[in-house]
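J.: To be precise about what I am sending: the file is called protein.tsv and holds TSV, C-alpha atoms.
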chain	number	residue	atom	x	y	z
W	829	MET	CA	241.87	-57.16	-28.81
W	830	GLY	CA	239.90	-53.99	-28.87
W	831	LEU	CA	238.19	-51.33	-30.83
W	832	ILE	CA	239.46	-47.91	-31.87
W	833	LEU	CA	237.32	-45.04	-33.17
W	834	PHE	CA	239.31	-42.40	-35.02
W	835	PRO	CA	238.92	-39.65	-37.62
W	836	GLY	CA	239.46	-40.72	-41.21
W	837	ASP	CA	241.82	-37.81	-41.85
W	838	ASP	CA	245.01	-39.87	-42.42
W	839	ASP	CA	246.68	-37.87	-39.60
W	840	VAL	CA	248.31	-40.30	-37.17
W	841	THR	CA	248.45	-37.55	-34.55
W	842	SER	CA	244.67	-37.07	-34.50
W	843	PRO	CA	242.95	-38.10	-31.27
W	844	ASP	CA	241.16	-41.42	-30.99
W	845	VAL	CA	239.18	-43.34	-28.41
W	846	SER	CA	239.59	-47.03	-27.69
W	847	TRP	CA	237.87	-49.75	-25.73
W	848	SER	CA	237.99	-53.48	-25.26
W	849	TYR	CA	234.93	-55.01	-26.90
W	850	SER	CA	233.34	-55.65	-23.52
W	851	SER	CA	234.05	-52.08	-22.37
W	852	PHE	CA	232.51	-50.69	-25.57
W	853	HIS	CA	229.41	-52.81	-24.93
W	854	MET	CA	229.19	-51.48	-21.36
W	855	PHE	CA	229.63	-47.91	-22.64
W	856	ARG	CA	226.79	-48.34	-25.12
W	857	LYS	CA	224.61	-49.91	-22.42
W	858	TRP	CA	225.25	-46.82	-20.29
W	859	LEU	CA	224.38	-44.48	-23.18
W	860	ALA	CA	221.17	-46.41	-23.93
W	861	GLN	CA	220.20	-46.18	-20.27
W	862	ALA	CA	220.81	-42.42	-20.39
W	863	GLU	CA	218.45	-42.34	-23.37
W	864	GLY	CA	215.79	-44.19	-21.40
W	865	PHE	CA	215.91	-47.68	-22.84
W	866	THR	CA	217.71	-50.96	-22.27
W	867	LEU	CA	220.19	-51.99	-24.94
W	868	ALA	CA	219.48	-55.69	-24.33
W	869	ASP	CA	215.87	-55.10	-25.47
W	870	MET	CA	217.02	-53.94	-28.89
W	871	TYR	CA	217.35	-56.01	-32.06
W	872	GLY	CA	220.96	-57.02	-32.48
W	873	PHE	CA	221.59	-57.04	-28.74
W	874	GLY	CA	219.38	-59.96	-27.76
W	875	GLY	CA	216.00	-58.27	-27.91
W	876	ASP	CA	213.34	-57.86	-30.54
W	877	ARG	CA	212.66	-54.10	-30.41
W	878	LEU	CA	213.48	-52.45	-33.70
W	879	TRP	CA	215.73	-49.42	-33.72
W	880	SER	CA	213.06	-47.50	-35.59
W	881	SER	CA	210.99	-47.65	-32.38
W	882	GLU	CA	213.61	-45.63	-30.47
W	883	VAL	CA	214.06	-41.94	-31.05
W	884	THR	CA	217.65	-41.02	-30.26
W	885	THR	CA	220.31	-39.15	-32.15
W	886	LEU	CA	222.77	-41.70	-30.76
W	887	ALA	CA	221.28	-44.58	-32.78
W	888	PRO	CA	224.09	-44.60	-35.40
W	889	LEU	CA	226.61	-45.28	-32.61
W	890	LEU	CA	224.43	-47.54	-30.48
W	891	ASP	CA	223.29	-49.72	-33.39
W	892	HIS	CA	226.69	-49.97	-35.05
W	893	PRO	CA	228.57	-53.26	-35.40
W	894	ASP	CA	231.57	-53.35	-33.11
W	895	ASP	CA	234.24	-53.28	-35.77
W	896	ALA	CA	232.58	-53.54	-39.14
W	897	GLY	CA	229.88	-51.79	-41.04
W	898	PRO	CA	229.77	-48.29	-42.41
W	899	ASP	CA	231.82	-45.52	-40.91
W	900	LEU	CA	229.88	-42.67	-39.32
W	901	THR	CA	229.57	-39.56	-41.46
W	902	PRO	CA	230.59	-36.08	-40.34
W	903	ALA	CA	226.87	-35.15	-40.29
W	904	GLN	CA	226.06	-38.10	-38.02
W	905	CYS	CA	228.89	-37.10	-35.69
W	906	ALA	CA	227.65	-33.50	-35.60
W	907	ALA	CA	224.11	-34.65	-34.86
W	908	MET	CA	225.24	-36.82	-31.92
W	909	LEU	CA	227.50	-34.23	-30.29
W	910	PRO	CA	224.83	-32.18	-28.46
W	911	ARG	CA	223.30	-35.28	-26.88
W	912	LEU	CA	226.66	-36.71	-25.83
W	913	GLU	CA	227.62	-33.38	-24.29
W	914	ALA	CA	224.27	-33.23	-22.47
W	915	ILE	CA	224.75	-36.74	-21.08
W	916	ILE	CA	228.21	-35.77	-19.81
W	917	SER	CA	226.74	-32.70	-18.09
W	918	GLU	CA	223.76	-34.60	-16.65
W	919	ARG	CA	225.82	-37.45	-15.23
W	920	ARG	CA	228.60	-35.52	-13.46
W	921	LEU	CA	229.18	-36.73	-9.95
W	922	ASP	CA	231.82	-36.31	-7.30
W	923	GLY	CA	233.96	-39.01	-8.87
W	924	SER	CA	233.20	-41.63	-6.24
W	925	ASP	CA	231.91	-44.16	-8.80
W	926	PRO	CA	234.86	-45.39	-10.87
W	927	VAL	CA	232.65	-47.04	-13.53
W	928	LEU	CA	230.68	-43.83	-14.05
W	929	GLN	CA	233.92	-41.85	-14.14
W	930	ARG	CA	235.28	-44.17	-16.85
W	931	HIS	CA	232.12	-43.77	-18.95
W	932	LEU	CA	232.29	-39.99	-18.59
W	933	ASP	CA	235.98	-39.96	-19.58
W	934	ASP	CA	235.21	-42.15	-22.60
W	935	ALA	CA	232.32	-39.90	-23.59
W	936	ARG	CA	234.56	-36.82	-23.36
W	937	GLN	CA	237.18	-38.48	-25.57
W	938	LEU	CA	234.51	-39.51	-28.06
W	939	VAL	CA	233.22	-35.93	-28.18
W	940	VAL	CA	236.73	-34.68	-29.03
W	941	VAL	CA	237.06	-37.22	-31.86
W	942	MET	CA	233.54	-36.56	-33.21
W	943	LYS	CA	234.09	-32.79	-33.15
W	944	LEU	CA	237.24	-33.25	-35.19
W	945	CYS	CA	235.36	-35.44	-37.68
W	946	SER	CA	232.59	-32.89	-37.95
W	947	ASP	CA	234.95	-29.91	-38.25
W	948	LYS	CA	237.22	-31.56	-40.84
W	949	GLY	CA	234.39	-33.21	-42.75
W	950	VAL	CA	235.84	-36.70	-42.35
W	951	GLU	CA	234.24	-39.97	-41.32
W	952	LEU	CA	234.52	-41.59	-37.90
W	953	MET	CA	236.29	-44.87	-38.56
W	954	PHE	CA	235.89	-48.12	-36.61
W	955	SER	CA	238.90	-50.43	-36.40
Give the structure from the file, written as structure tokens.

T.:
Amino acid sequence: MGLILFPGDDDVTSPDVSWSYSSFHMFRKWLAQAEGFTLADMYGFGGDRLWSSEVTTLAPLLDHPDDAGPDLTPAQCAAMLPRLEAIISERRLDGSDPVLQRHLDDARQLVVVMKLCSDKGVELMFS
């Protein structure tokens, strides 16, 4: 079982990004770390820190249920894109760390999907 994020444009040829649930959790842990906090400290992930205490444009993705809850709006996708692109640029390495390389590849795929959502004005769907 896994999770797929895709544009709600009813076009089966549109790009998507997919993870196993554990891989998605690890990806979000990596993004939270890039934002300067630990995901496990946050409410909903085992901690008691409220999301309102963290200032990050990535909060709609980081604090989203794995496969339920509201879809992300085109505006939310557009707002997250610059930070995701910055994280990709900041974290580039020589490719010697396969886990980092996987996170970077996933982030790049997510950027492609979010750009499409933003450009077409459609929601980012979780399935």

J.: Box for range 879-893 of chain W - axis-aligned, 6 Å on each of the six sides, all listed atoms - centre and size in Å to one decimal, as lines of an AutoDock Vina configuration file.

T.:
center_x = 219.8
center_y = -46.2
center_z = -32.9
size_x = 29.6
size_y = 26.1
size_z = 17.3

J.: Need the neighbours of (234.9, -32.8, -30.3): which residues are at most 12 Å away, counting only C-alpha atoms, as a ChimeraX atom specification?

T.: /W:834-835,842-845,902,905-910,912-913,935-948,952

J.: Pick out the closest residue to Gln904 in chain W from this set: W:Ile832, W:Val840, W:Leu878, W:Leu889. Count only C-alpha atoms.

T.: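 The answer is W:Leu889, which sits nearest to Gln904 in chain W.
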
J.: Would you mind telling me which residue in W:Ala896, W:Leu890, W:Leu833, W:Ile916 lies nearest to Arg856 in chain W when using only C-alpha atoms?

T.: W:Leu890

J.: Find, counting only C-alpha atoms, the residue in W:Asp899, W:His931, W:Gly949, W:Ile915 that gets nearest to Met854 in chain W.

T.: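 Counting only C-alpha atoms, the residue closest to Met854 in chain W is W:His931.
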
J.: Find the distance between CA of Ala887 in chain W and CA of Tyr871 in chain W and write it in Å to one decimal.

T.: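 One can read the CA of Ala887 in chain W to CA of Tyr871 in chain W distance as 12.1 Å.
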
J.: With all atoms listed in the file as the atoms that count, which of W:Ala903, W:Gly830, W:Lys857, W:Asp869 lies nearest to Leu928 in chain W?

T.: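 Smallest distance to Leu928 in chain W is found for W:Lys857.
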
J.: Kindly indicate which residue among W:Phe852, W:Arg919, W:Asp891, W:Trp847 lies nearest to Leu867 in chain W, using all atoms listed in the file for the distances.

T.: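 The answer is W:Asp891, which sits nearest to Leu867 in chain W.
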
J.: For the atom pair CA of Asp876 in chain W and CA of Glu918 in chain W, what is the interatomic distance in Å to one decimal place?

T.: 29.0 Å

J.: Please complete range 866-884 of chain W with N, CA and C atoms and give it back as a tab-separated table (two decimals), in the frame of the given file.

T.:
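Saved result, result-v1.tsv, follows:
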chain	number	residue	atom	x	y	z
W	866	THR	N	216.75	-49.92	-22.59
W	866	THR	CA	217.71	-50.96	-22.27
W	866	THR	C	218.26	-51.54	-23.57
W	867	LEU	N	219.56	-51.51	-23.72
W	867	LEU	CA	220.19	-51.99	-24.94
W	867	LEU	C	219.85	-53.45	-25.21
W	868	ALA	N	219.77	-54.26	-24.17
W	868	ALA	CA	219.48	-55.69	-24.33
W	868	ALA	C	218.09	-55.94	-24.92
W	869	ASP	N	217.20	-54.95	-24.88
W	869	ASP	CA	215.87	-55.10	-25.47
W	869	ASP	C	215.87	-54.88	-26.98
W	870	MET	N	216.97	-54.35	-27.50
W	870	MET	CA	217.02	-53.94	-28.89
W	870	MET	C	217.49	-55.07	-29.81
W	871	TYR	N	216.95	-55.05	-31.03
W	871	TYR	CA	217.35	-56.01	-32.06
W	871	TYR	C	218.86	-55.89	-32.29
W	872	GLY	N	219.52	-57.01	-32.31
W	872	GLY	CA	220.96	-57.02	-32.48
W	872	GLY	C	221.71	-57.14	-31.16
W	873	PHE	N	220.99	-56.95	-30.06
W	873	PHE	CA	221.59	-57.04	-28.74
W	873	PHE	C	220.84	-58.03	-27.86
W	874	GLY	N	220.09	-58.93	-28.49
W	874	GLY	CA	219.38	-59.96	-27.76
W	874	GLY	C	217.88	-59.75	-27.67
W	875	GLY	N	217.42	-58.55	-27.98
W	875	GLY	CA	216.00	-58.27	-27.91
W	875	GLY	C	215.34	-58.24	-29.26
W	876	ASP	N	214.05	-57.90	-29.27
W	876	ASP	CA	213.34	-57.86	-30.54
W	876	ASP	C	212.78	-56.48	-30.89
W	877	ARG	N	213.11	-55.46	-30.08
W	877	ARG	CA	212.66	-54.10	-30.41
W	877	ARG	C	213.49	-53.56	-31.57
W	878	LEU	N	212.80	-53.01	-32.54
W	878	LEU	CA	213.48	-52.45	-33.70
W	878	LEU	C	214.02	-51.06	-33.36
W	879	TRP	N	215.13	-50.72	-33.97
W	879	TRP	CA	215.73	-49.42	-33.72
W	879	TRP	C	214.83	-48.28	-34.18
W	880	SER	N	213.98	-48.54	-35.13
W	880	SER	CA	213.06	-47.50	-35.59
W	880	SER	C	212.05	-47.13	-34.51
W	881	SER	N	211.92	-47.95	-33.48
W	881	SER	CA	210.99	-47.65	-32.38
W	881	SER	C	211.62	-46.73	-31.34
W	882	GLU	N	212.91	-46.49	-31.42
W	882	GLU	CA	213.61	-45.63	-30.47
W	882	GLU	C	214.01	-44.32	-31.15
W	883	VAL	N	213.69	-43.24	-30.52
W	883	VAL	CA	214.06	-41.94	-31.05
W	883	VAL	C	215.26	-41.43	-30.26
W	884	THR	N	216.43	-41.52	-30.86
W	884	THR	CA	217.65	-41.02	-30.26
W	884	THR	C	218.64	-40.64	-31.35
